[in-house]
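Undergrad: One structure follows; several queries about it will come next.
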Amino acid sequence: LPFYWFWFGLLLTIEEDSAFFNFQHTSLGRAMELLTTPSPSSMEMAIQKKWMAYIKPFAHDIRTDDAGNVIGVLNPEADFKVLLAGHSDEIGFVITRIEEDGFLRFSKMGGISPKIAVGMKVEILGYRKTITGVIGANAEHHGGVKDKVEFEDLYMDCGARSREEIAQFVQVGDLAVYKRDPEWLMDRYITGRGLDNRTGAFIVAEVLRKLSEKQIHVGVYAASTVNEETNLGGAYFAAAGVNPTMAIACDVTFATDYPGVNQTKYGDVKLEHGPVLAKGAPINRKINGLIEQSAKALNMDIQYELTPRNTGTDADRMRYTGNGVPIALVSLPLRYMHSPVETVSIKDIEAEIDLLVHMIEHLSGNESLNPLVD
């Protein structure tokens, strides 16, 4: 199966004239089996092995490190190195206590809201067995859910009758994710959990695949990084190990094209209007210029977001490795960040891949990224 279907686990039947058949491989059949792989931060091993298996046929070299990153390389002998980073981890929950009656107490692993968690199904990645649970919701007849919900108010119910029973499968420190299958919306959007940022891991792999079919003059290092949602540590390991000439983080950013969002405060970013380029103090203006040149050559719409002090992404940690790394951030517009119904556009995914392929393909390897050098 093409790599991207490993990120979206569902059996779908799509009409032949839908956006599905325009997404990367038009020869796909009417139905595809999609496999969802949980990857909460610090537990990315299973998804990383799938990512590594996908890039193996076209990468000139594959590297791993002690953080758990996987890096696919083209032209490893080149002096000019471009590092692309898309993180493979997702937000989740961590089990903090097992009650006497078998209920599980938990906290967050990454930026996840307790308000959204109420009443959701979860997949608990137990140390001996993966099991299903639900996050209890107080019935309206008994007072309903509190107006201000905290994690200490919540619990997971797995159907266990006692601590001893559930402890056969789950222990403190085990992780959980929402039990939520991805779905298509109008054959143009994908919605589900963890699109932040397994879409980015897919994008950097596809950029690597497409560049492997072209004559390029620089080294390309596509990294599926770990731990972005909790500490950005994977990005530091990746960039410190590669020592790149430049680095581009491929992440998601906040779409603001749905009801109730203050666009004056949060900006105007829409699905289907192209990738989002960050502007701000951490961003290297020359890299942005190269990306904008490619967008113009491709007659492609791009959008912008402001990152005045830092980006909140892998780019921040990559920047501070070695002697310092010039960085850029190219993001995918995403609705409903850090919820079980994150939503992205296939059109934007394709555009971001094409944009990065064009930019890297046209690098000579002699570019100066020093803003004081013409």
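Going by the structure tokens order, chains are called A, B, ..., each with residues numbered from 1, while ligands are numbered from 1 in the order shown.
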Considering only C-alpha atoms, return as number ranges by chain whatever protein or nucleic-acid residues lie within 9 Å of region 67-81 of chain A, sequence-local ones (same chain, fewer than 6 positions apart) excluded.
TA: A: 42, 44-45, 48-49, 51-52, 55-56, 58-61, 87-88, 205, 208, 211-212, 216-227, 233-235, 237-238, 242-247, 364-367
Undergrad: DSSP says strand (DSSP E) for which residues of region 81-137 of chain A? Put them as a PyMOL selection string?
TA: chain A and resi 81-87+92-98+104-109+121-125+130-135
Undergrad: Could those selected residues go to a file with N, CA, C and O atoms, as a compact mmCIF listing (two decimals), in the first residue's frame?
TA:
# COMPACT_ATOMS: atom_id res chain seq x y z
N LYS A 81 23.32 20.37 3.04
CA LYS A 81 22.35 19.41 3.58
C LYS A 81 21.05 20.11 3.94
O LYS A 81 21.05 21.08 4.70
N VAL A 82 19.96 19.58 3.41
CA VAL A 82 18.62 20.08 3.74
C VAL A 82 17.93 19.06 4.64
O VAL A 82 17.74 17.91 4.24
N LEU A 83 17.56 19.49 5.84
CA LEU A 83 16.86 18.62 6.78
C LEU A 83 15.39 19.00 6.80
O LEU A 83 15.03 20.16 7.05
N LEU A 84 14.53 18.03 6.50
CA LEU A 84 13.08 18.18 6.60
C LEU A 84 12.60 17.37 7.80
O LEU A 84 12.95 16.19 7.92
N ALA A 85 11.81 17.97 8.65
CA ALA A 85 11.36 17.27 9.86
C ALA A 85 9.85 17.33 10.00
O ALA A 85 9.25 18.41 10.01
N GLY A 86 9.23 16.16 10.08
CA GLY A 86 7.81 16.04 10.40
C GLY A 86 7.67 15.09 11.56
O GLY A 86 8.15 13.96 11.50
N HIS A 87 7.03 15.52 12.63
CA HIS A 87 7.00 14.65 13.82
C HIS A 87 5.90 13.60 13.72
O HIS A 87 4.80 13.85 13.22
N GLY A 92 -1.80 12.46 23.73
CA GLY A 92 -2.48 11.31 24.31
C GLY A 92 -2.66 11.49 25.81
O GLY A 92 -2.67 12.62 26.33
N PHE A 93 -2.83 10.37 26.50
CA PHE A 93 -3.04 10.37 27.94
C PHE A 93 -2.03 9.42 28.59
O PHE A 93 -1.56 8.48 27.96
N VAL A 94 -1.75 9.66 29.86
CA VAL A 94 -0.89 8.77 30.62
C VAL A 94 -1.63 8.34 31.88
O VAL A 94 -2.24 9.17 32.58
N ILE A 95 -1.62 7.06 32.16
CA ILE A 95 -2.30 6.52 33.35
C ILE A 95 -1.50 6.90 34.60
O ILE A 95 -0.29 6.65 34.68
N THR A 96 -2.18 7.51 35.56
CA THR A 96 -1.51 7.99 36.78
C THR A 96 -1.86 7.19 38.03
O THR A 96 -1.12 7.23 39.01
N ARG A 97 -3.00 6.49 38.00
CA ARG A 97 -3.42 5.76 39.21
C ARG A 97 -4.46 4.72 38.83
O ARG A 97 -5.28 4.92 37.94
N ILE A 98 -4.41 3.57 39.50
CA ILE A 98 -5.45 2.55 39.36
C ILE A 98 -6.24 2.49 40.66
O ILE A 98 -5.69 2.24 41.74
N LEU A 104 -9.49 3.88 36.08
CA LEU A 104 -8.15 4.42 35.85
C LEU A 104 -8.17 5.94 35.89
O LEU A 104 -8.99 6.58 35.20
N ARG A 105 -7.29 6.52 36.66
CA ARG A 105 -7.08 7.97 36.64
C ARG A 105 -5.96 8.28 35.65
O ARG A 105 -5.05 7.46 35.44
N PHE A 106 -6.01 9.46 35.06
CA PHE A 106 -5.04 9.76 34.01
C PHE A 106 -4.79 11.26 33.92
O PHE A 106 -5.53 12.08 34.47
N SER A 107 -3.73 11.60 33.23
CA SER A 107 -3.39 12.99 32.95
C SER A 107 -3.05 13.09 31.47
O SER A 107 -3.16 12.11 30.71
N LYS A 108 -2.59 14.25 31.06
CA LYS A 108 -2.34 14.47 29.64
C LYS A 108 -0.90 14.16 29.27
O LYS A 108 0.02 14.31 30.06
N MET A 109 -0.72 13.72 28.03
CA MET A 109 0.59 13.55 27.42
C MET A 109 0.61 14.47 26.21
O MET A 109 0.17 14.11 25.12
N LYS A 121 -14.32 7.49 23.71
CA LYS A 121 -13.70 6.18 23.79
C LYS A 121 -12.19 6.32 23.69
O LYS A 121 -11.69 7.20 22.99
N VAL A 122 -11.47 5.44 24.37
CA VAL A 122 -10.00 5.48 24.33
C VAL A 122 -9.46 4.08 24.08
O VAL A 122 -10.09 3.08 24.39
N GLU A 123 -8.26 4.08 23.53
CA GLU A 123 -7.50 2.85 23.33
C GLU A 123 -6.31 2.92 24.28
O GLU A 123 -5.45 3.78 24.14
N ILE A 124 -6.30 2.02 25.27
CA ILE A 124 -5.25 2.04 26.29
C ILE A 124 -4.17 1.04 25.89
O ILE A 124 -4.43 -0.15 25.70
N LEU A 125 -2.96 1.56 25.71
CA LEU A 125 -1.84 0.75 25.23
C LEU A 125 -1.16 0.11 26.43
O LEU A 125 -0.08 0.50 26.86
N THR A 130 -3.54 -4.23 24.72
CA THR A 130 -4.26 -3.02 24.37
C THR A 130 -5.74 -3.26 24.62
O THR A 130 -6.31 -4.25 24.12
N ILE A 131 -6.37 -2.37 25.37
CA ILE A 131 -7.79 -2.55 25.70
C ILE A 131 -8.55 -1.25 25.44
O ILE A 131 -7.98 -0.17 25.39
N THR A 132 -9.86 -1.40 25.31
CA THR A 132 -10.75 -0.27 25.09
C THR A 132 -11.31 0.22 26.41
O THR A 132 -11.63 -0.57 27.30
N GLY A 133 -11.44 1.53 26.52
CA GLY A 133 -12.07 2.13 27.68
C GLY A 133 -12.92 3.31 27.26
O GLY A 133 -12.90 3.73 26.10
N VAL A 134 -13.68 3.84 28.20
CA VAL A 134 -14.45 5.05 27.96
C VAL A 134 -14.12 6.04 29.08
O VAL A 134 -13.83 5.64 30.21
N ILE A 135 -14.18 7.30 28.75
CA ILE A 135 -14.00 8.34 29.75
C ILE A 135 -15.39 8.73 30.24
O ILE A 135 -16.21 9.23 29.48
Undergrad: Which residue, A:Ala295, A:Val145, A:Leu372, A:Val341, has the smallest gap to Met359 (chain A) when you use only C-alpha atoms?
TA: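 Distance minimum relative to Met359 (chain A) lands on A:Ala295.
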Undergrad: Would you please work out which residue, of A:Ile346, A:Leu355, A:Ala315, A:Leu363, is nearest to Leu185 (chain A) when using only C-alpha atoms?
TA: A:Ile346
Undergrad: I need the residue nearest Lys286 (chain A) from this list: A:Lys148, A:Thr64, A:Pro326, A:Val344. Use only C-alpha atoms for the distance.
TA: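 Among the listed residues, the smallest separation from Lys286 (chain A) belongs to A:Pro326.
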Undergrad: Have a look at CA of Ala137 (chain A) and CA of Glu152 (chain A) and let me know their distance in Å, one decimal.
TA: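 Separating CA of Ala137 (chain A) from CA of Glu152 (chain A) is a distance of 13.3 Å.
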Undergrad: From the set A:Arg128, A:Lys146, A:His338, A:His273, which residue has the shortest atom-to-atom contact distance to Asp174 (chain A), counting only C-alpha atoms?
TA: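 Looking only at the distances to Asp174 (chain A), the closest residue turns out to be A:Arg128.
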Undergrad: Nearest residue to Gly260 (chain A) out of A:Ile360, A:Tyr336, A:Asn370, A:Asp65, using only C-alpha atoms?
TA: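 For Gly260 (chain A), the nearest of the given residues is A:Tyr336.
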Undergrad: So how far away is CA of Val177 (chain A) from CA of Thr253 (chain A), in Å?
TA: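 These atoms are spaced 21.0 Å apart.
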Undergrad: Pick from A:Pro275, A:Pro40, A:Gly267, A:Gly110: nearest to Asn231 (chain A), with only C-alpha atoms counted?
TA: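 Comparing A:Pro275, A:Pro40, A:Gly267, A:Gly110 against Asn231 (chain A), the winner is A:Gly110.
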Undergrad: I'd like the interatomic distance between CA of Thr191 (chain A) and CA of Glu352 (chain A), to a tenth of an Å.
TA: 18.2 Å
Undergrad: Using backbone DSSP assignments, extract all alpha helix (DSSP H) residues from region 22-204 of chain A; output them as JSON, numbers by chain.
TA: {"A": [45, 46, 47, 48, 49, 50, 51, 52, 53, 54, 55, 114, 115, 116, 117, 163, 164, 165, 166, 195, 196, 197, 198, 199, 200, 201, 202, 203, 204]}
Undergrad: For Lys270 (chain A), work out the shell of residues within 9 Å, counting only C-alpha atoms and skipping chain neighbours fewer than 5 positions away, then give it as a ChimeraX atom specification.
TA: /A:254-258,303,333-335
Undergrad: Can you pull out every residue within 8 Å of region 111-117 of chain A, counting only C-alpha atoms, but drop anything in the same chain fewer than 4 positions away, and send it as a compact mmCIF listing (two decimals) with N, CA and C atoms, in the first residue's frame?
TA:
# COMPACT_ATOMS: atom_id res chain seq x y z
N ILE A 91 -0.66 13.61 20.50
CA ILE A 91 -1.04 13.83 21.89
C ILE A 91 -1.77 12.59 22.41
N GLY A 92 -1.80 12.46 23.73
CA GLY A 92 -2.48 11.31 24.31
C GLY A 92 -2.66 11.49 25.81
N ILE A 135 -14.18 7.30 28.75
CA ILE A 135 -14.00 8.34 29.75
C ILE A 135 -15.39 8.73 30.24
N VAL A 149 -13.99 21.56 33.91
CA VAL A 149 -13.52 20.17 34.03
C VAL A 149 -12.01 20.15 34.13
N GLU A 150 -11.49 19.40 35.09
CA GLU A 150 -10.05 19.19 35.23
C GLU A 150 -9.77 17.70 35.08
N PHE A 151 -8.52 17.37 34.78
CA PHE A 151 -8.18 15.96 34.60
C PHE A 151 -8.43 15.15 35.86
N LEU A 154 -11.72 13.29 35.99
CA LEU A 154 -12.01 12.29 34.97
C LEU A 154 -11.43 10.92 35.32
N GLU A 229 5.36 16.74 20.68
CA GLU A 229 4.20 17.20 21.46
C GLU A 229 4.53 17.40 22.94
N THR A 230 5.66 16.91 23.38
CA THR A 230 5.99 17.00 24.80
C THR A 230 7.26 17.77 25.12
N HIS A 338 -5.65 19.50 18.16
CA HIS A 338 -5.55 18.70 19.38
C HIS A 338 -6.91 18.17 19.85
N SER A 339 -7.75 17.85 18.89
CA SER A 339 -9.03 17.21 19.20
C SER A 339 -9.11 15.89 18.45
